[in-house]
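J.: Okay, here's the structure, questions in a sec.
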Amino acid sequence: MSEFNSASCGGVPTISDTFAVGTLWTIDYALQMAAVGYSAAYLHTRERGISYNLFAPPDGPNGIPGDWVTNPPYYALIATAEALQTTDGIGSVVVDLNIANSKTDKKATVAGYAVYDSKGSSVEQFVLFNYANVSNFPDTSAATATFSLPASAFITSNKTGVTVKYLSASGLAEKYNIAWGGQSLAGVGNGILQDNNATWVVQNQQLECTNGCSVSVPGAAMAVVFAGGVDKISVKGSQENNARSLTFLANPAIITLCIIGSLIVTTL
C-alpha cells in the first residue's frame, strides 16, 4: 500500500487525532491489510498542523528548538512493529480470527489477529482489540472483554510466563494520554518513553498458560499476547535489516493452513 491514513487530505480533526482512530483503528487496518495479502504499507504524514501526523514540532519557525508533541498515530506504529515481529526476523503471516464475526458485523466491538512466523507454523503474537465505549456501560468492569486462548497456541518453553502488553488511553477521544506497555510520551518532549502509573494506564501482565489462559482487555484498549516469548524488538544487525524486520509479509496460500483452534471472547 503506497499510502494510507484515517482520512484523505490530512485527516479530520477530533477523529484522526484520537486514540480510537489514530491509534486503534490504524493498527487494526494495518493488520487487516497484512491478513489479505499486503506486504508493506506507508502511513502518510505531512507538514505541521495536520491532524493525522505522528507528532508535532515546537511552535515557531521550522527548526526551532523545543519539545515535540506525540500524536496518537505514533503509538500505532510502535505497537504494530512489536506485534508483527518474529523470532526468525524474516516476516510474519497475519490471520484475522474473525472474533464475534468482526469481519462482517459492523456492530462488533471486539476483534483479533494471530501473527504467525514466516512459515505459518507457530503463533508469535495474538493482537486483541476491545473497542467498547465505557460510557455505554454502568461501570468500567462491565466494558471489559475476556479472550480465552488455547494452550496449543503457545510454545512449550513459554507457557508459564507469557507477557501481555496493553495499549490504553484515558478515553476513546484522547489525544495525548496514551500508553503502550505501561509507558507513555504524554508530556514528554524528547521522544523517550517514560513509565507511567496513571489510573488509565494498563500495566504489563505475566500469565500462566500451561492449560490455556484468559486475557482481559478493558474498554477501550488493545492487548498483544507474546505467545512466542519475544516481547522486545531486536535492534541487532544493519539498519537495512532492522527496517526489514518491521515490515509484514502475508501469503494467502499459507494463511489458509493457519488453524489455531478455538478462541472465545466474552463480555463481562
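Identifiers in this document derive from the order of the C-alpha cells: chains are assigned A, B, ..., residues are numbered from 1 separately in each chain, and ligands are numbered from 1 in order of occurrence.
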Which polymer residues have any atom within 6 Å of an atom of region 97-112 of chain A, counting only C-alpha atoms, with same-chain residues fewer than 6 positions away left out, as a PyMOL selection string?
T.: chain A and resi 127-132
J.: Among region 4-228 of chain A, which residues carry a DSSP assignment of alpha helix (DSSP H), reported as a list in words?
T.: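 Those residues are Thr26, Ile27, Asp28, Tyr29, Ala30, Leu31, Gln32, Met33, Ala34, Ala35, Pro72, Pro73, Tyr74, Tyr75, Ala76, Leu77, Ile78, Ala79, Thr80, Ala81, Glu82 and Ala83 of chain A.
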J.: So that I can check the secondary structure, give me every residue of region 81-232 of chain A assigned strand (DSSP E or B) by backbone DSSP, as a PyMOL selection string.
T.: chain A and resi 93-96+110-116+123-130+145-149+162-169+178-180+183-184+194-195+205-207+210+212-217+221-225
J.: Please determine, counting only C-alpha atoms, which residue among A:Ile64, A:Ile178, A:Val36, A:Ala56 has the shortest atom-to-atom distance to Gly22 (chain A).
T.: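 Among A:Ile64, A:Ile178, A:Val36, A:Ala56, it is A:Ile178 that comes nearest to Gly22 (chain A).
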J.: Give me the residues within 10 Å of Asn158 (chain A) as an MDAnalysis selection string, counting only C-alpha atoms and dropping any in the same chain fewer than 5 places off.
T.: chainID A and resid 163 207:210 226:230
J.: Separation of CA of Met1 (chain A) and CA of Tyr166 (chain A), in Å?
T.: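 Interatomic distance, CA of Met1 (chain A) to CA of Tyr166 (chain A): 26.9 Å.
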J.: Separation of CA of Asp96 (chain A) and CA of Ile27 (chain A), in Å?
T.: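 Separating CA of Asp96 (chain A) from CA of Ile27 (chain A) is a distance of 12.7 Å.
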J.: When you count only C-alpha atoms, which of these residues is closest to Gly37 (chain A): A:Ala179, A:Ala143, A:Val95, A:Ala151?
T.: A:Val95
J.: Show which residues sit within 8 Å of region 68-77 of chain A, as number ranges by chain. Count only C-alpha atoms, and ignore same-chain residues fewer than 2 positions away.
T.: A: 17-19, 22-24, 26-27, 52-58, 66, 79-81, 175-176, 178-180, 185-191
J.: So which one's closest to Ser170 (chain A), A:Phe137, A:Thr199, A:Thr14, A:Gly120? Using only C-alpha atoms, please.
T.: A:Thr199
J.: Rounded to one decimal place, report the CA of Gly11 (chain A)-CA of Val201 (chain A) distance in Å.
T.: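 Rounded to one decimal, the two atoms are 26.6 Å apart.
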J.: With distances taken over only C-alpha atoms, which of A:Ala169, A:Leu84, A:Ile155, A:Val115 is nearest to Met222 (chain A)?
T.: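 That would be A:Ala169, the residue with the smallest distance to Met222 (chain A).
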J.: Which one is closest to Ser135 (chain A): A:Ala198, A:Val164, A:Asp117, A:Ala220? Count only C-alpha atoms.
T.: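 Of all the options, A:Ala220 lies closest to Ser135 (chain A).
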J.: Quick one: of A:Ser122, A:Asn133, A:Ser184, A:Ser51, who's nearest to Asn197 (chain A), counting only C-alpha atoms?
T.: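 Smallest separation from Asn197 (chain A) among the options: A:Ser184.
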